[in-house]
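A.B. asks: Sending over protein_8.cif (mmCIF, C-alpha atoms).
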data_run
#
loop_
_atom_site.label_atom_id
_atom_site.label_comp_id
_atom_site.auth_asym_id
_atom_site.auth_seq_id
_atom_site.Cartn_x
_atom_site.Cartn_y
_atom_site.Cartn_z
CA MET A 1 -24.35 6.61 -13.29
CA SER A 2 -22.54 3.32 -12.82
CA PRO A 3 -23.25 1.21 -9.71
CA THR A 4 -19.98 2.47 -8.20
CA GLU A 5 -20.92 6.10 -8.83
CA ILE A 6 -24.39 5.54 -7.34
CA VAL A 7 -22.95 3.97 -4.20
CA LEU A 8 -20.26 6.60 -3.69
CA SER A 9 -22.84 9.35 -4.18
CA ALA A 10 -25.15 7.73 -1.63
CA VAL A 11 -22.36 7.35 0.93
CA ALA A 12 -21.37 11.00 0.40
CA ALA A 13 -24.98 12.13 0.89
CA LEU A 14 -25.25 10.13 4.12
CA PHE A 15 -21.85 10.77 5.71
CA THR A 16 -20.29 13.85 4.09
CA SER A 17 -22.93 16.36 2.97
CA PHE A 18 -25.64 14.91 5.28
CA ASP A 19 -28.22 15.63 2.59
CA PRO A 20 -31.52 13.73 3.09
CA GLU A 21 -32.94 14.90 -0.24
CA ALA A 22 -29.94 13.66 -2.21
CA ALA A 23 -29.87 10.40 -0.27
CA GLU A 24 -33.57 9.81 -0.88
CA GLN A 25 -32.97 9.98 -4.64
CA LEU A 26 -30.30 7.28 -4.38
CA LEU A 27 -31.90 4.77 -1.96
CA ALA A 28 -34.69 2.43 -2.97
CA PRO A 29 -37.74 2.96 -0.70
CA ASP A 30 -37.73 -0.75 0.18
CA TYR A 31 -33.96 -0.74 0.79
CA ILE A 32 -33.00 -4.04 2.44
CA GLN A 33 -30.81 -3.60 5.50
CA HIS A 34 -28.56 -6.30 6.99
CA ASN A 35 -26.76 -4.22 9.62
CA PRO A 36 -28.12 -5.87 12.79
CA ALA A 37 -28.76 -2.58 14.61
CA VAL A 38 -30.51 -0.59 11.86
CA PRO A 39 -34.15 -1.11 10.83
CA THR A 40 -34.78 -2.02 7.21
CA GLY A 41 -36.03 0.42 4.59
CA ALA A 42 -34.78 3.82 3.43
CA ALA A 43 -36.89 5.85 5.88
CA PRO A 44 -34.96 4.93 9.06
CA ILE A 45 -31.65 5.89 7.45
CA LEU A 46 -32.97 9.17 6.08
CA GLY A 47 -34.40 10.02 9.48
CA PHE A 48 -31.05 9.33 11.13
CA ILE A 49 -29.06 11.77 8.97
CA PRO A 50 -29.46 14.82 11.29
CA ALA A 51 -28.14 12.77 14.21
CA LEU A 52 -25.21 11.60 12.10
CA LYS A 53 -24.38 15.20 11.23
CA ASP A 54 -24.53 16.24 14.88
CA SER A 55 -22.29 13.32 15.88
CA GLY A 56 -19.37 14.58 13.79
CA ILE A 57 -19.00 11.24 12.05
CA SER A 58 -16.73 11.09 8.99
CA VAL A 59 -15.86 8.36 6.51
CA THR A 60 -12.67 7.60 4.60
CA THR A 61 -12.89 5.09 1.75
CA HIS A 62 -9.68 3.16 1.18
CA ARG A 63 -10.73 0.68 -1.52
CA VAL A 64 -13.59 0.26 -3.98
CA ILE A 65 -14.29 -3.07 -5.68
CA SER A 66 -17.25 -3.63 -7.99
CA GLU A 67 -18.66 -6.48 -10.01
CA GLY A 68 -21.97 -6.13 -11.82
CA GLU A 69 -24.56 -4.70 -9.42
CA MET A 70 -22.38 -5.30 -6.34
CA VAL A 71 -20.05 -2.65 -4.88
CA VAL A 72 -17.74 -3.14 -1.88
CA LEU A 73 -16.17 -0.27 0.06
CA HIS A 74 -13.32 -0.65 2.57
CA ASN A 75 -14.01 2.23 4.98
CA THR A 76 -12.89 3.85 8.19
CA TYR A 77 -15.50 5.71 10.23
CA LYS A 78 -14.29 8.27 12.78
CA ASN A 79 -16.44 9.70 15.59
CA ALA A 80 -18.56 6.61 15.02
CA GLN A 81 -20.16 6.30 18.44
CA ALA A 82 -23.52 6.03 16.66
CA PHE A 83 -22.26 2.69 15.32
CA GLY A 84 -20.62 1.56 18.53
CA GLY A 85 -17.07 2.93 18.62
CA ASP A 86 -14.77 5.93 18.29
CA THR A 87 -13.03 4.69 15.14
CA LEU A 88 -14.36 1.68 13.24
CA VAL A 89 -13.02 -0.16 10.21
CA ALA A 90 -15.71 -1.55 7.94
CA PHE A 91 -16.49 -3.41 4.81
CA ASP A 92 -19.74 -2.09 3.35
CA ILE A 93 -21.41 -4.08 0.56
CA PHE A 94 -24.12 -2.52 -1.59
CA ARG A 95 -26.39 -3.99 -4.25
CA VAL A 96 -27.67 -1.57 -6.86
CA GLU A 97 -30.89 -2.14 -8.76
CA ASP A 98 -32.67 0.16 -11.23
CA GLY A 99 -30.33 3.04 -10.50
CA LYS A 100 -30.75 2.98 -6.71
CA VAL A 101 -29.03 1.33 -3.76
CA ALA A 102 -31.33 -1.58 -2.97
CA GLU A 103 -29.49 -3.63 -0.32
CA HIS A 104 -26.67 -3.22 2.21
CA TRP A 105 -24.49 -5.54 4.29
CA ASP A 106 -21.63 -4.53 6.56
CA ASN A 107 -19.11 -5.63 9.17
CA LEU A 108 -17.65 -3.17 11.67
CA GLN A 109 -14.64 -3.65 13.94
CA PRO A 110 -12.84 -1.19 16.23
CA LEU A 111 -9.56 0.05 14.78
CA ALA A 112 -6.70 -1.87 16.37
CA ALA A 113 -2.99 -1.15 16.65
CA PRO A 114 -0.72 -2.37 13.83
CA ASN A 115 -0.14 -6.11 13.69
CA PRO A 116 3.18 -7.85 14.54
CA SER A 117 4.45 -6.98 11.05
CA GLY A 118 3.60 -3.29 11.49
CA ARG A 119 0.68 -3.27 9.07
CA SER A 120 -2.59 -1.50 9.84
CA MET A 121 -6.09 -2.73 9.08
CA THR A 122 -6.37 -0.42 6.06
CA ASP A 123 -2.92 0.35 4.61
CA GLY A 124 -1.39 -1.46 1.65
CA THR A 125 -2.23 -1.72 -2.04
CA THR A 126 -5.30 0.16 -3.25
CA GLU A 127 -5.07 0.17 -7.06
CA VAL A 128 -7.30 -2.18 -9.03
CA THR A 129 -5.28 -3.84 -11.81
CA ASP A 130 -5.33 -7.00 -13.96
CA LEU A 131 -8.97 -6.65 -14.99
CA ASP A 132 -8.46 -9.43 -17.53
CA GLN A 133 -7.70 -11.80 -14.63
CA THR A 134 -10.94 -11.16 -12.70
CA ALA A 135 -12.53 -14.54 -13.41
CA ALA A 136 -9.36 -16.53 -12.72
CA ASN A 137 -8.64 -14.64 -9.50
CA LYS A 138 -12.22 -15.09 -8.32
CA ALA A 139 -12.00 -18.84 -8.94
CA LEU A 140 -8.69 -18.99 -7.06
CA VAL A 141 -10.11 -17.29 -3.96
CA GLU A 142 -13.29 -19.37 -4.08
CA GLY A 143 -11.08 -22.45 -4.07
CA PHE A 144 -9.08 -21.12 -1.13
CA VAL A 145 -12.25 -20.44 0.85
CA ARG A 146 -13.64 -23.89 0.10
CA ASP A 147 -10.49 -25.91 0.64
CA VAL A 148 -8.69 -23.98 3.38
CA LEU A 149 -11.14 -21.77 5.27
CA GLN A 150 -14.09 -24.18 5.08
CA GLY A 151 -11.76 -27.12 5.60
CA ALA A 152 -12.37 -29.28 2.53
CA ALA A 153 -8.62 -29.70 1.84
CA PRO A 154 -6.51 -27.45 4.08
CA GLN A 155 -3.30 -29.13 2.94
CA LYS A 156 -3.73 -27.31 -0.39
CA ILE A 157 -2.99 -23.90 1.13
CA THR A 158 0.23 -23.40 -0.83
CA ALA A 159 -1.72 -23.90 -4.06
CA TYR A 160 -3.57 -20.68 -3.23
CA VAL A 161 -1.34 -18.52 -1.01
CA SER A 162 2.12 -17.36 -2.04
CA THR A 163 4.93 -18.92 -0.04
CA GLU A 164 7.13 -15.91 -0.83
CA THR A 165 4.89 -12.88 -0.20
CA TYR A 166 1.79 -12.86 2.01
CA LEU A 167 1.11 -9.41 3.47
CA GLN A 168 -1.27 -9.57 6.40
CA HIS A 169 -3.50 -6.78 7.77
CA ASN A 170 -5.40 -8.69 10.44
CA PRO A 171 -4.29 -6.92 13.64
CA MET A 172 -3.42 -10.20 15.39
CA VAL A 173 -1.55 -11.98 12.58
CA ALA A 174 1.98 -11.53 11.23
CA ASP A 175 3.01 -11.69 7.58
CA GLY A 176 3.62 -14.97 5.80
CA LEU A 177 2.16 -18.44 6.04
CA GLU A 178 4.13 -18.91 9.25
CA GLY A 179 2.33 -15.98 10.84
CA LEU A 180 -1.05 -17.31 9.75
CA GLY A 181 -0.31 -20.79 11.04
CA ALA A 182 0.90 -19.47 14.39
CA ALA A 183 -2.21 -17.33 14.84
CA LEU A 184 -4.60 -20.18 13.98
CA LYS A 185 -2.76 -22.48 16.40
CA ALA A 186 -2.91 -19.88 19.17
CA MET A 187 -6.63 -19.35 18.62
CA ALA A 188 -7.33 -23.07 18.79
CA GLU A 189 -5.25 -23.46 21.94
CA ALA A 190 -7.16 -20.57 23.54
CA GLY A 191 -10.47 -22.30 22.82
CA GLN A 192 -11.35 -19.86 20.05
CA PRO A 193 -10.96 -21.86 16.83
CA MET A 194 -12.08 -20.10 13.66
CA ALA A 195 -14.45 -22.02 11.37
CA TYR A 196 -16.05 -20.89 8.11
CA SER A 197 -19.26 -22.65 7.07
CA ASP A 198 -20.79 -20.70 4.19
CA THR A 199 -19.73 -17.88 1.85
CA PRO A 200 -22.82 -16.30 0.27
CA ILE A 201 -21.15 -13.19 -1.21
CA VAL A 202 -18.10 -13.03 -3.48
CA VAL A 203 -17.22 -9.85 -5.39
CA ALA A 204 -14.19 -9.67 -7.67
CA GLU A 205 -12.54 -6.96 -9.71
CA GLY A 206 -9.12 -7.52 -11.22
CA ASN A 207 -6.53 -8.26 -8.56
CA PHE A 208 -9.02 -7.91 -5.66
CA VAL A 209 -11.52 -10.53 -4.48
CA PHE A 210 -13.87 -9.92 -1.55
CA THR A 211 -15.75 -12.63 0.34
CA ALA A 212 -18.42 -12.43 3.05
CA SER A 213 -18.66 -15.63 5.08
CA GLU A 214 -20.63 -17.03 7.97
CA GLY A 215 -19.05 -19.25 10.61
CA THR A 216 -18.00 -19.39 14.22
CA LEU A 217 -15.20 -18.01 16.38
CA GLY A 218 -15.12 -20.38 19.31
CA ASP A 219 -18.79 -20.91 20.06
CA THR A 220 -19.87 -17.48 18.80
CA PRO A 221 -21.72 -17.12 15.46
CA THR A 222 -19.48 -14.81 13.46
CA ALA A 223 -19.36 -12.95 10.15
CA PHE A 224 -15.99 -12.93 8.40
CA PHE A 225 -15.53 -10.26 5.71
CA ASP A 226 -12.24 -10.83 3.86
CA LEU A 227 -10.47 -8.99 1.05
CA PHE A 228 -7.71 -10.74 -0.87
CA ARG A 229 -5.23 -9.36 -3.40
CA VAL A 230 -4.01 -11.79 -6.02
CA GLU A 231 -0.80 -11.47 -8.01
CA GLY A 232 0.71 -14.02 -10.37
CA GLY A 233 -1.97 -16.59 -9.61
CA LYS A 234 -1.47 -16.57 -5.81
CA ILE A 235 -2.94 -14.67 -2.87
CA VAL A 236 -0.35 -12.12 -1.72
CA GLU A 237 -2.26 -9.75 0.60
CA HIS A 238 -5.22 -9.98 2.99
CA TRP A 239 -7.46 -7.61 4.97
CA ASP A 240 -10.44 -8.55 7.12
CA VAL A 241 -13.17 -7.27 9.41
CA ILE A 242 -14.68 -9.75 11.87
CA SER A 243 -17.91 -9.27 13.81
CA ALA A 244 -20.12 -11.43 15.99
CA ILE A 245 -23.62 -12.12 14.68
CA PRO A 246 -26.17 -11.13 17.34
CA ALA A 247 -29.13 -13.35 18.12
CA GLU A 248 -31.56 -10.41 17.85
CA MET A 249 -31.62 -7.81 15.08
CA ALA A 250 -33.61 -4.70 14.26
CA HIS A 251 -35.16 -6.46 11.24
CA ASP A 252 -35.93 -9.93 9.91
CA ASN A 253 -33.40 -9.87 7.04
CA GLY A 254 -30.58 -11.67 8.83
CA LYS A 255 -26.89 -10.83 8.63
CA PHE A 256 -26.66 -12.18 5.08
#
Could you spell out this file's structure in structure tokens?
C.D. replies:
Amino acid sequence: MSPTEIVLSAVAALFTSFDPEAAEQLLAPDYIQHNPAVPTGAAPILGFIPALKDSGISVTTHRVISEGEMVVLHNTYKNAQAFGGDTLVAFDIFRVEDGKVAEHWDNLQPLAAPNPSGRSMTDGTTEVTDLDQTAANKALVEGFVRDVLQGAAPQKITAYVSTETYLQHNPMVADGLEGLGAALKAMAEAGQPMAYSDTPIVVAEGNFVFTASEGTLGDTPTAFFDLFRVEGGKIVEHWDVISAIPAEMAHDNGKF
């Protein structure tokens, strides 16, 4: 199986068929966990499957992006009280090694109402296209993160983001560069400026580029998981899931 097939099979075993035996065949015994609330290793997850089944949890996968051993899923979890909310939107990142899921990162955020432009956290384009542009699109987004989000040269934003079409799925931000600028200004004025400091994970496939970044929202250590769609050499669509990084975790692996 490909890394994508391995990951989708593991997620199905955990959240659809609730099959510990199938899941055990797909998870490495020393599975490295970065979810702050879940202990590391495969055993804790396998032991939690009966409780997941009883909870009525379900998962819908909206987008799948893969590059090499890395697979990113854009998910919605319903009846997700076990993870802290009724309905949660997530980015789940998996690393596959030797035919098994070896490592997992995620960000979870309660589903919010549509943003000022009427877009939800998960609707929009889903099809992976332009596979021949993967490297160029990855470089473009890496430049955007470095120059704009990390602040090296924010004046270059129009070199990266389309001035004609920028579809936004953050629940607090409207479409277009104007909507982004207004939201950033409002956050700063409210004492909650957003700052990115490091981006340890970047996964690209065709027109989609995913980044996982560490930074702060106000004074709070925060993980920013962003998905960008690129078209014609510019960023034209954006989704994100934002979560605070707790000081204490159920393991020593850290958020990243």
A.B. asks: Applying 9 Å and only C-alpha atoms, which residues near Thr216 (chain A) remain after dropping the ones on its own chain fewer than 5 positions away? List them as a VMD selection string.
C.D. replies: chain A and resid 192 to 197 221 to 224 244
A.B. asks: Is it possible to get the axis-aligned box enclosing region 68-87 of chain A (all listed atoms, 6 Å extra per side) as lines of an AutoDock Vina configuration file, with centre and edge lengths in Å rounded to one decimal?
C.D. replies:
center_x = -18.7
center_y = 1.8
center_z = 3.4
size_x = 23.7
size_y = 27.8
size_z = 42.4
A.B. asks: Pick out the residues sitting within 12 Å of Phe83 (chain A), and hand them over as a CSV table (one decimal) with C-alpha atoms, in the frame of the given file; count all atoms listed in the file, and ignore anything fewer than 6 positions along from it in its own chain.
C.D. replies:
chain,number,residue,atom,x,y,z
A,35,ASN,CA,-26.8,-4.2,9.6
A,36,PRO,CA,-28.1,-5.9,12.8
A,37,ALA,CA,-28.8,-2.6,14.6
A,38,VAL,CA,-30.5,-0.6,11.9
A,48,PHE,CA,-31.0,9.3,11.1
A,51,ALA,CA,-28.1,12.8,14.2
A,52,LEU,CA,-25.2,11.6,12.1
A,55,SER,CA,-22.3,13.3,15.9
A,57,ILE,CA,-19.0,11.2,12.0
A,58,SER,CA,-16.7,11.1,9.0
A,76,THR,CA,-12.9,3.8,8.2
A,77,TYR,CA,-15.5,5.7,10.2
A,89,VAL,CA,-13.0,-0.2,10.2
A,90,ALA,CA,-15.7,-1.6,7.9
A,106,ASP,CA,-21.6,-4.5,6.6
A,107,ASN,CA,-19.1,-5.6,9.2
A,108,LEU,CA,-17.6,-3.2,11.7
A,109,GLN,CA,-14.6,-3.6,13.9
A,110,PRO,CA,-12.8,-1.2,16.2
A.B. asks: Output the residue selection produced by the PyMOL selection byres ((chain A and resi 162) around 10) on the file above, formatted as a PDB file with C-alpha atoms, in the frame of the given file.
C.D. replies:
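Once written, expr-v9.pdb looks like this:
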ATOM      1  CA  ILE A 157      -2.990 -23.900   1.130  1.00  0.00           C
ATOM      2  CA  THR A 158       0.230 -23.400  -0.830  1.00  0.00           C
ATOM      3  CA  ALA A 159      -1.720 -23.900  -4.060  1.00  0.00           C
ATOM      4  CA  TYR A 160      -3.570 -20.680  -3.230  1.00  0.00           C
ATOM      5  CA  VAL A 161      -1.340 -18.520  -1.010  1.00  0.00           C
ATOM      6  CA  THR A 163       4.930 -18.920  -0.040  1.00  0.00           C
ATOM      7  CA  GLU A 164       7.130 -15.910  -0.830  1.00  0.00           C
ATOM      8  CA  THR A 165       4.890 -12.880  -0.200  1.00  0.00           C
ATOM      9  CA  TYR A 166       1.790 -12.860   2.010  1.00  0.00           C
ATOM     10  CA  LEU A 167       1.110  -9.410   3.470  1.00  0.00           C
ATOM     11  CA  GLY A 176       3.620 -14.970   5.800  1.00  0.00           C
ATOM     12  CA  LEU A 177       2.160 -18.440   6.040  1.00  0.00           C
ATOM     13  CA  VAL A 230      -4.010 -11.790  -6.020  1.00  0.00           C
ATOM     14  CA  GLU A 231      -0.800 -11.470  -8.010  1.00  0.00           C
ATOM     15  CA  GLY A 232       0.710 -14.020 -10.370  1.00  0.00           C
ATOM     16  CA  GLY A 233      -1.970 -16.590  -9.610  1.00  0.00           C
ATOM     17  CA  LYS A 234      -1.470 -16.570  -5.810  1.00  0.00           C
ATOM     18  CA  ILE A 235      -2.940 -14.670  -2.870  1.00  0.00           C
ATOM     19  CA  VAL A 236      -0.350 -12.120  -1.720  1.00  0.00           C
ATOM     20  CA  GLU A 237      -2.260  -9.750   0.600  1.00  0.00           C
TER      21      GLU A 237
END
A.B. asks: Between CA of Gly218 (chain A) and CA of Ala188 (chain A), what is the spacing in Å?
C.D. replies: 8.3 Å
A.B. asks: For a quick check of your reading of the model, name the residues lying within 12 Å of the coordinate (-24.4, 9.4, -5.0), counting only C-alpha atoms, and write them as number ranges by chain.
C.D. replies: A: 1-27, 96, 99-101
A.B. asks: Quick one: residues within 8 Å of region 121-127 of chain A, only C-alpha atoms counted, chain neighbours fewer than 2 positions away excluded, as JSON, numbers by chain?
C.D. replies: {"A": [62, 63, 74, 89, 111, 112, 114, 119, 129, 169, 170, 171, 239, 240]}
A.B. asks: Selected residues, C-alpha atoms, written as a short mmCIF file (atom, residue, chain, number, x, y, z; two decimals), in the frame of the given file, please.
C.D. replies:
data_model
loop_
_atom_site.label_atom_id
_atom_site.label_comp_id
_atom_site.auth_asym_id
_atom_site.auth_seq_id
_atom_site.Cartn_x
_atom_site.Cartn_y
_atom_site.Cartn_z
CA HIS A 62 -9.68 3.16 1.18
CA ARG A 63 -10.73 0.68 -1.52
CA HIS A 74 -13.32 -0.65 2.57
CA VAL A 89 -13.02 -0.16 10.21
CA LEU A 111 -9.56 0.05 14.78
CA ALA A 112 -6.70 -1.87 16.37
CA PRO A 114 -0.72 -2.37 13.83
CA ARG A 119 0.68 -3.27 9.07
CA THR A 129 -5.28 -3.84 -11.81
CA HIS A 169 -3.50 -6.78 7.77
CA ASN A 170 -5.40 -8.69 10.44
CA PRO A 171 -4.29 -6.92 13.64
CA TRP A 239 -7.46 -7.61 4.97
CA ASP A 240 -10.44 -8.55 7.12
#
A.B. asks: Determine the residue set returned by the PyMOL selection byres ((chain A and resi 131) around 12) for the present structure, and present it as a list in words.
C.D. replies: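 Written out, the selection comes to Ile65, Ser66, Glu67, Glu127, Val128, Thr129, Asp130, Asp132, Gln133, Thr134, Ala135, Ala136, Asn137, Lys138, Ala204, Glu205, Gly206, Asn207, Phe208, Val209, Val230 and Glu231 of chain A.
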A.B. asks: Figure out the distance between CA of Thr40 (chain A) and CA of Ile245 (chain A), please, to one decimal in Å.
C.D. replies: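 So the answer is 16.8 Å.
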A.B. asks: To one decimal place, how far is CA of Ala139 (chain A) from CA of Ser120 (chain A) in Å?
C.D. replies: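 So the answer is 27.2 Å.
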A.B. asks: Please evaluate the PyMOL selection byres ((chain A and resi 73) around 7) against the displayed coordinates and give the resulting residues as a list in words.
C.D. replies: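 On the file shown, the PyMOL selection byres ((chain A and resi 73) around 7) covers Thr61, Arg63, Val64, Ile65, Val71, Val72, His74, Asn75, Phe91, Asp92 and Ile93 of chain A.
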A.B. asks: For Thr199 (chain A), which of A:Glu248, A:Asp86, A:Glu142, A:Asp147 is the closest residue, counting only C-alpha atoms?
C.D. replies: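 Closest to Thr199 (chain A), using only C-alpha atoms: A:Glu142.
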A.B. asks: Could you check which of A:Val202, A:Leu149, A:Met172, A:Ala212 is closest to Ala186 (chain A), using all atoms listed in the file?
C.D. replies: A:Met172
A.B. asks: Out of A:Met249, A:Ala182, A:Val145, A:Ala153, which residue has the shortest atom-to-atom distance to Ser213 (chain A) when counting only C-alpha atoms?
C.D. replies: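 The closest residue to Ser213 (chain A) is A:Val145.
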